[in-house]
file my_file_33.cif (mmCIF, C-alpha atoms)
data_run
loop_
_atom_site.group_PDB
_atom_site.id
_atom_site.type_symbol
_atom_site.label_atom_id
_atom_site.label_comp_id
_atom_site.auth_asym_id
_atom_site.auth_seq_id
_atom_site.Cartn_x
_atom_site.Cartn_y
_atom_site.Cartn_z
ATOM 1 C CA MET A 1 10.182 -30.621 -14.158
ATOM 2 C CA SER A 2 7.393 -30.006 -16.643
ATOM 3 C CA GLY A 3 7.658 -27.567 -19.536
ATOM 4 C CA ASP A 4 5.137 -25.274 -17.825
ATOM 5 C CA ASN A 5 7.360 -24.992 -14.760
ATOM 6 C CA THR A 6 10.414 -24.252 -16.937
ATOM 7 C CA ASP A 7 8.491 -21.478 -18.671
ATOM 8 C CA ARG A 8 7.242 -20.090 -15.358
ATOM 9 C CA TYR A 9 10.778 -20.144 -13.912
ATOM 10 C CA ARG A 10 12.227 -18.333 -16.940
ATOM 11 C CA ARG A 11 9.469 -15.730 -16.898
ATOM 12 C CA LEU A 12 9.987 -15.065 -13.192
ATOM 13 C CA ILE A 13 13.755 -14.601 -13.580
ATOM 14 C CA ALA A 14 13.232 -12.362 -16.622
ATOM 15 C CA ASP A 15 10.686 -10.265 -14.712
ATOM 16 C CA LEU A 16 12.936 -9.945 -11.658
ATOM 17 C CA ASP A 17 15.906 -8.970 -13.829
ATOM 18 C CA ALA A 18 13.850 -6.464 -15.840
ATOM 19 C CA ALA A 19 12.673 -4.851 -12.583
ATOM 20 C CA GLN A 20 16.253 -4.813 -11.231
ATOM 21 C CA ALA A 21 15.153 -6.842 -8.224
ATOM 22 C CA ARG A 22 17.611 -7.794 -5.516
ATOM 23 C CA TYR A 23 17.492 -11.577 -5.328
ATOM 24 C CA ARG A 24 19.668 -14.638 -5.132
ATOM 25 C CA LEU A 25 19.152 -18.219 -6.222
ATOM 26 C CA ILE A 26 19.517 -21.087 -3.763
ATOM 27 C CA ASP A 27 19.933 -24.644 -5.061
ATOM 28 C CA HIS A 28 18.876 -27.454 -2.716
ATOM 29 C CA PRO A 29 17.563 -31.028 -2.779
ATOM 30 C CA PRO A 30 14.021 -31.208 -4.217
ATOM 31 C CA GLU A 31 11.452 -30.250 -1.566
ATOM 32 C CA GLY A 32 8.089 -28.478 -1.647
ATOM 33 C CA ARG A 33 7.016 -28.510 2.002
ATOM 34 C CA THR A 34 7.547 -25.089 3.559
ATOM 35 C CA ASP A 35 9.050 -26.197 6.860
ATOM 36 C CA LEU A 36 11.447 -28.694 5.285
ATOM 37 C CA VAL A 37 12.604 -26.474 2.419
ATOM 38 C CA SER A 38 13.130 -23.570 4.840
ATOM 39 C CA ALA A 39 15.557 -25.758 6.795
ATOM 40 C CA LEU A 40 17.371 -26.702 3.564
ATOM 41 C CA ARG A 41 17.646 -23.023 2.616
ATOM 42 C CA GLY A 42 18.842 -22.117 6.117
ATOM 43 C CA HIS A 43 16.297 -19.505 7.175
ATOM 44 C CA ASP A 44 13.493 -19.106 9.686
ATOM 45 C CA VAL A 45 10.269 -20.657 8.356
ATOM 46 C CA ALA A 46 8.512 -17.336 9.114
ATOM 47 C CA HIS A 47 10.478 -15.772 6.215
ATOM 48 C CA ALA A 48 9.122 -18.246 3.658
ATOM 49 C CA ALA A 49 6.286 -17.266 1.349
ATOM 50 C CA LYS A 50 3.658 -20.006 1.643
ATOM 51 C CA CYS A 51 1.208 -19.963 -1.269
ATOM 52 C CA LEU A 52 -2.285 -21.427 -1.456
ATOM 53 C CA ILE A 53 -4.885 -21.113 -4.207
ATOM 54 C CA VAL A 54 -8.323 -20.400 -2.793
ATOM 55 C CA MET A 55 -11.741 -20.451 -4.461
ATOM 56 C CA VAL A 56 -14.312 -17.877 -3.338
ATOM 57 C CA LYS A 57 -17.945 -17.999 -4.421
ATOM 58 C CA ILE A 58 -19.686 -14.649 -4.646
ATOM 59 C CA GLY A 59 -23.374 -15.565 -4.545
ATOM 60 C CA LYS A 60 -24.409 -18.419 -6.824
ATOM 61 C CA LYS A 61 -23.016 -17.202 -10.132
ATOM 62 C CA GLN A 62 -19.519 -15.808 -9.602
ATOM 63 C CA THR A 63 -16.347 -17.656 -8.652
ATOM 64 C CA ARG A 64 -13.081 -15.862 -7.928
ATOM 65 C CA TYR A 65 -9.688 -17.422 -7.328
ATOM 66 C CA VAL A 66 -7.105 -16.004 -4.959
ATOM 67 C CA LEU A 67 -3.414 -16.687 -4.639
ATOM 68 C CA ALA A 68 -3.086 -16.313 -0.872
ATOM 69 C CA VAL A 69 0.465 -15.733 0.387
ATOM 70 C CA VAL A 70 1.304 -15.929 4.089
ATOM 71 C CA PRO A 71 4.476 -16.383 6.150
ATOM 72 C CA GLY A 72 5.645 -19.986 6.216
ATOM 73 C CA HIS A 73 4.838 -20.550 9.897
ATOM 74 C CA ALA A 74 1.218 -19.416 9.542
ATOM 75 C CA ARG A 75 -1.958 -20.842 8.080
ATOM 76 C CA VAL A 76 -4.162 -19.129 5.521
ATOM 77 C CA ASP A 77 -7.304 -17.710 7.144
ATOM 78 C CA LEU A 78 -9.950 -18.770 4.632
ATOM 79 C CA GLN A 79 -12.693 -16.883 6.459
ATOM 80 C CA ALA A 80 -10.675 -13.653 6.243
ATOM 81 C CA ILE A 81 -10.380 -14.075 2.474
ATOM 82 C CA LYS A 82 -14.109 -14.777 2.230
ATOM 83 C CA SER A 83 -14.771 -11.590 4.195
ATOM 84 C CA VAL A 84 -12.323 -9.453 2.173
ATOM 85 C CA LEU A 85 -14.023 -10.466 -1.079
ATOM 86 C CA GLY A 86 -17.596 -10.491 0.270
ATOM 87 C CA GLY A 87 -17.939 -14.167 -0.550
ATOM 88 C CA SER A 88 -20.677 -16.608 0.331
ATOM 89 C CA TYR A 89 -18.380 -19.672 0.290
ATOM 90 C CA VAL A 90 -14.619 -20.234 0.477
ATOM 91 C CA GLY A 91 -12.454 -23.320 0.055
ATOM 92 C CA VAL A 92 -9.098 -24.503 -1.165
ATOM 93 C CA ALA A 93 -9.063 -24.868 -4.952
ATOM 94 C CA GLY A 94 -8.731 -28.388 -6.297
ATOM 95 C CA LYS A 95 -5.219 -29.488 -7.246
ATOM 96 C CA ASP A 96 -5.836 -29.478 -11.017
ATOM 97 C CA LYS A 97 -7.427 -26.010 -10.997
ATOM 98 C CA ALA A 98 -4.736 -24.650 -8.661
ATOM 99 C CA GLU A 99 -1.916 -25.941 -10.856
ATOM 100 C CA GLU A 100 -3.636 -24.583 -13.984
ATOM 101 C CA LEU A 101 -3.982 -21.099 -12.465
ATOM 102 C CA ALA A 102 -0.508 -21.099 -10.891
ATOM 103 C CA GLY A 103 1.187 -22.472 -13.985
ATOM 104 C CA SER A 104 3.249 -24.832 -11.832
ATOM 105 C CA VAL A 105 2.837 -27.958 -9.753
ATOM 106 C CA SER A 106 1.980 -28.051 -6.056
ATOM 107 C CA GLY A 107 4.953 -27.176 -3.888
ATOM 108 C CA THR A 108 6.341 -24.810 -6.523
ATOM 109 C CA VAL A 109 3.599 -22.158 -6.637
ATOM 110 C CA LEU A 110 5.106 -18.688 -6.893
ATOM 111 C CA PRO A 111 3.939 -15.728 -4.786
ATOM 112 C CA PHE A 112 3.316 -13.943 -8.113
ATOM 113 C CA THR A 113 0.301 -14.310 -10.330
ATOM 114 C CA TYR A 114 0.550 -14.621 -14.089
ATOM 115 C CA HIS A 115 -3.050 -15.685 -14.705
ATOM 116 C CA PRO A 116 -5.767 -13.052 -15.241
ATOM 117 C CA GLN A 117 -8.273 -15.043 -13.144
ATOM 118 C CA LEU A 118 -5.938 -15.306 -10.141
ATOM 119 C CA GLU A 119 -5.985 -12.420 -7.656
ATOM 120 C CA LEU A 120 -2.949 -11.941 -5.417
ATOM 121 C CA ILE A 121 -3.541 -11.274 -1.721
ATOM 122 C CA ALA A 122 -0.610 -11.317 0.706
ATOM 123 C CA ASP A 123 -0.576 -10.949 4.461
ATOM 124 C CA PRO A 124 1.300 -7.770 5.490
ATOM 125 C CA THR A 125 3.428 -9.743 7.963
ATOM 126 C CA LEU A 126 4.986 -11.559 4.991
ATOM 127 C CA VAL A 127 6.999 -8.486 4.028
ATOM 128 C CA GLU A 128 8.113 -7.452 7.522
ATOM 129 C CA ALA A 129 11.423 -9.331 7.159
ATOM 130 C CA PRO A 130 14.011 -7.874 4.761
ATOM 131 C CA GLU A 131 13.904 -10.969 2.505
ATOM 132 C CA LEU A 132 11.349 -13.586 1.636
ATOM 133 C CA TYR A 133 12.064 -17.055 0.316
ATOM 134 C CA PHE A 134 10.106 -19.258 -2.061
ATOM 135 C CA ASN A 135 10.555 -22.134 -4.486
ATOM 136 C CA ALA A 136 11.338 -20.731 -7.923
ATOM 137 C CA ALA A 137 8.618 -22.669 -9.810
ATOM 138 C CA ARG A 138 10.741 -25.775 -9.221
ATOM 139 C CA LEU A 139 11.413 -28.032 -6.252
ATOM 140 C CA ASP A 140 15.222 -27.867 -6.413
ATOM 141 C CA ARG A 141 15.801 -24.116 -6.597
ATOM 142 C CA SER A 142 14.554 -21.253 -4.465
ATOM 143 C CA ILE A 143 14.756 -17.495 -4.535
ATOM 144 C CA ALA A 144 15.599 -15.125 -1.703
ATOM 145 C CA LEU A 145 14.015 -11.837 -2.764
ATOM 146 C CA ALA A 146 14.169 -8.441 -1.076
ATOM 147 C CA ALA A 147 10.724 -7.940 0.481
ATOM 148 C CA ASP A 148 10.346 -4.379 -0.793
ATOM 149 C CA ASP A 149 11.146 -5.589 -4.327
ATOM 150 C CA TYR A 150 8.469 -8.254 -3.940
ATOM 151 C CA THR A 151 5.790 -5.690 -3.082
ATOM 152 C CA ARG A 152 7.000 -3.358 -5.852
ATOM 153 C CA ILE A 153 6.971 -6.052 -8.553
ATOM 154 C CA ALA A 154 4.126 -8.370 -7.522
ATOM 155 C CA VAL A 155 1.902 -5.535 -6.223
ATOM 156 C CA PRO A 156 -0.089 -7.794 -3.907
ATOM 157 C CA ARG A 157 -3.253 -6.652 -2.218
ATOM 158 C CA LEU A 158 -2.149 -6.564 1.425
ATOM 159 C CA GLU A 159 -4.794 -7.936 3.775
ATOM 160 C CA SER A 160 -4.633 -9.751 7.127
ATOM 161 C CA ILE A 161 -5.155 -13.332 5.917
ATOM 162 C CA ALA A 162 -2.735 -15.265 8.149
ATOM 163 C CA LEU A 163 -3.790 -17.192 11.221
ATOM 164 C CA ALA A 164 -1.338 -16.838 14.074
ATOM 165 C CA ASP A 165 -1.980 -20.321 15.448
ATOM 166 C CA VAL A 166 0.591 -22.582 13.872
ATOM 167 C CA LEU A 167 0.233 -26.285 13.245
ATOM 168 C CA PRO A 168 3.037 -28.664 14.273
ATOM 169 C CA GLY A 169 5.913 -28.424 11.801
ATOM 170 C CA GLY A 170 4.609 -25.134 10.414
ATOM 171 C CA GLN A 171 2.218 -26.916 8.056
ATOM 172 C CA ALA A 172 -1.026 -25.280 6.972
#

call {"tool": "encode", "arguments": {"input": "my_file_33.cif", "output": "structure tokens"}}
result
Amino acid sequence: MSGDNTDRYRRLIADLDAAQARYRLIDHPPEGRTDLVSALRGHDVAHAAKCLIVMVKIGKKQTRYVLAVVPGHARVDLQAIKSVLGGSYVGVAGKDKAEELAGSVSGTVLPFTYHPQLELIADPTLVEAPELYFNAARLDRSIALAADDYTRIAVPRLESIALADVLPGGQA
């Protein structure tokens, strides 16, 4: 685990504790794929928080980045994000840029944003279950967090950005 991930993990735990969040830690073999880690954690993949960093061009001069969070069994609807932000182009951010903005490596991206250039948009269906699960900025430890604490602490913009049609294995 890189130093950045360690820092991101510590900051997350400190923030959750400071906000008196209801959460528990789950240790498991290293895994970053949503469907596989959900099985290791022992919950329905729909209760996982799947995170994707998206780039949206607004005209020719402005670029915005979005941390899109959807239930683990869904795909991110890029066109919905483009529409929500009034963009002219949308695409998945490159791996290097995504990891820079997220402050952690792929497979460990948190459903929280700590970067001023990264906007947080979550699908409302994500918080319908009482708990949501996500890797805790590391591949070998996850967090089960009360959904209402997630919305209270992360304060995501709630928009319909999940596609209902699921790919085999829950992959997006």

call {"tool": "residues_around", "arguments": {"input": "my_file_33.cif", "residues": "Gly87 (chain A)", "least_positions_apart": "6", "cutoff": "12 Å", "atoms": "only C-alpha atoms", "output": "PyMOL selection string"}}
result
chain A and resi 54-66+78-81

call {"tool": "residues_around", "arguments": {"input": "my_file_33.cif", "residues": "region 32-46 of chain A", "least_positions_apart": "3", "cutoff": "12 Å", "atoms": "all atoms listed in the file", "output": "JSON, numbers by chain"}}
result
{"A": [24, 25, 26, 27, 28, 29, 49, 50, 51, 52, 69, 70, 71, 72, 73, 74, 75, 104, 105, 106, 107, 108, 109, 110, 125, 126, 127, 128, 129, 130, 131, 132, 133, 134, 135, 136, 137, 138, 139, 140, 141, 142, 143, 144, 162, 164, 166, 167, 168, 169, 170, 171, 172]}

call {"tool": "axis_aligned_box", "arguments": {"input": "my_file_33.cif", "around": "region 73-76 of chain A", "padding_each_side": "5 Å", "output": "lines of an AutoDock Vina configuration file"}}
result
center_x = 0.3
center_y = -20.0
center_z = 7.7
size_x = 19.0
size_y = 11.7
size_z = 14.4

call {"tool": "closest_atom_pairs", "arguments": {"input": "my_file_33.cif", "of": "region 19-90 of chain A", "to": "region 7-14 of chain A", "cutoff": "12 Å", "atoms": "all atoms listed in the file", "output": "JSON lines"}}
result
{"residue": "A:Ala19", "atom": "CA", "partner": "A:Ala14", "partner_atom": "CA", "distance": 8.5}
{"residue": "A:Gln20", "atom": "CA", "partner": "A:Ala14", "partner_atom": "CA", "distance": 9.8}
{"residue": "A:Ala21", "atom": "CA", "partner": "A:Ile13", "partner_atom": "CA", "distance": 9.5}
{"residue": "A:Arg22", "atom": "CA", "partner": "A:Ile13", "partner_atom": "CA", "distance": 11.2}
{"residue": "A:Tyr23", "atom": "CA", "partner": "A:Ile13", "partner_atom": "CA", "distance": 9.6}
{"residue": "A:Arg24", "atom": "CA", "partner": "A:Ile13", "partner_atom": "CA", "distance": 10.3}
{"residue": "A:Leu25", "atom": "CA", "partner": "A:Ile13", "partner_atom": "CA", "distance": 9.8}

call {"tool": "closest_residue", "arguments": {"input": "my_file_33.cif", "among": "A:Leu163, A:Leu120, A:Ala146, A:Ala48", "to": "Leu101 (chain A)", "atoms": "only C-alpha atoms"}}
result
A:Leu120

call {"tool": "closest_residue", "arguments": {"input": "my_file_33.cif", "among": "A:Ile53, A:Thr151, A:Pro116, A:Pro30", "to": "Val90 (chain A)", "atoms": "all atoms listed in the file"}}
result
A:Ile53

call {"tool": "atom_distance", "arguments": {"input": "my_file_33.cif", "atom1": "CA of Pro111 (chain A)", "atom2": "CA of Ser88 (chain A)"}}
result
25.2 Å
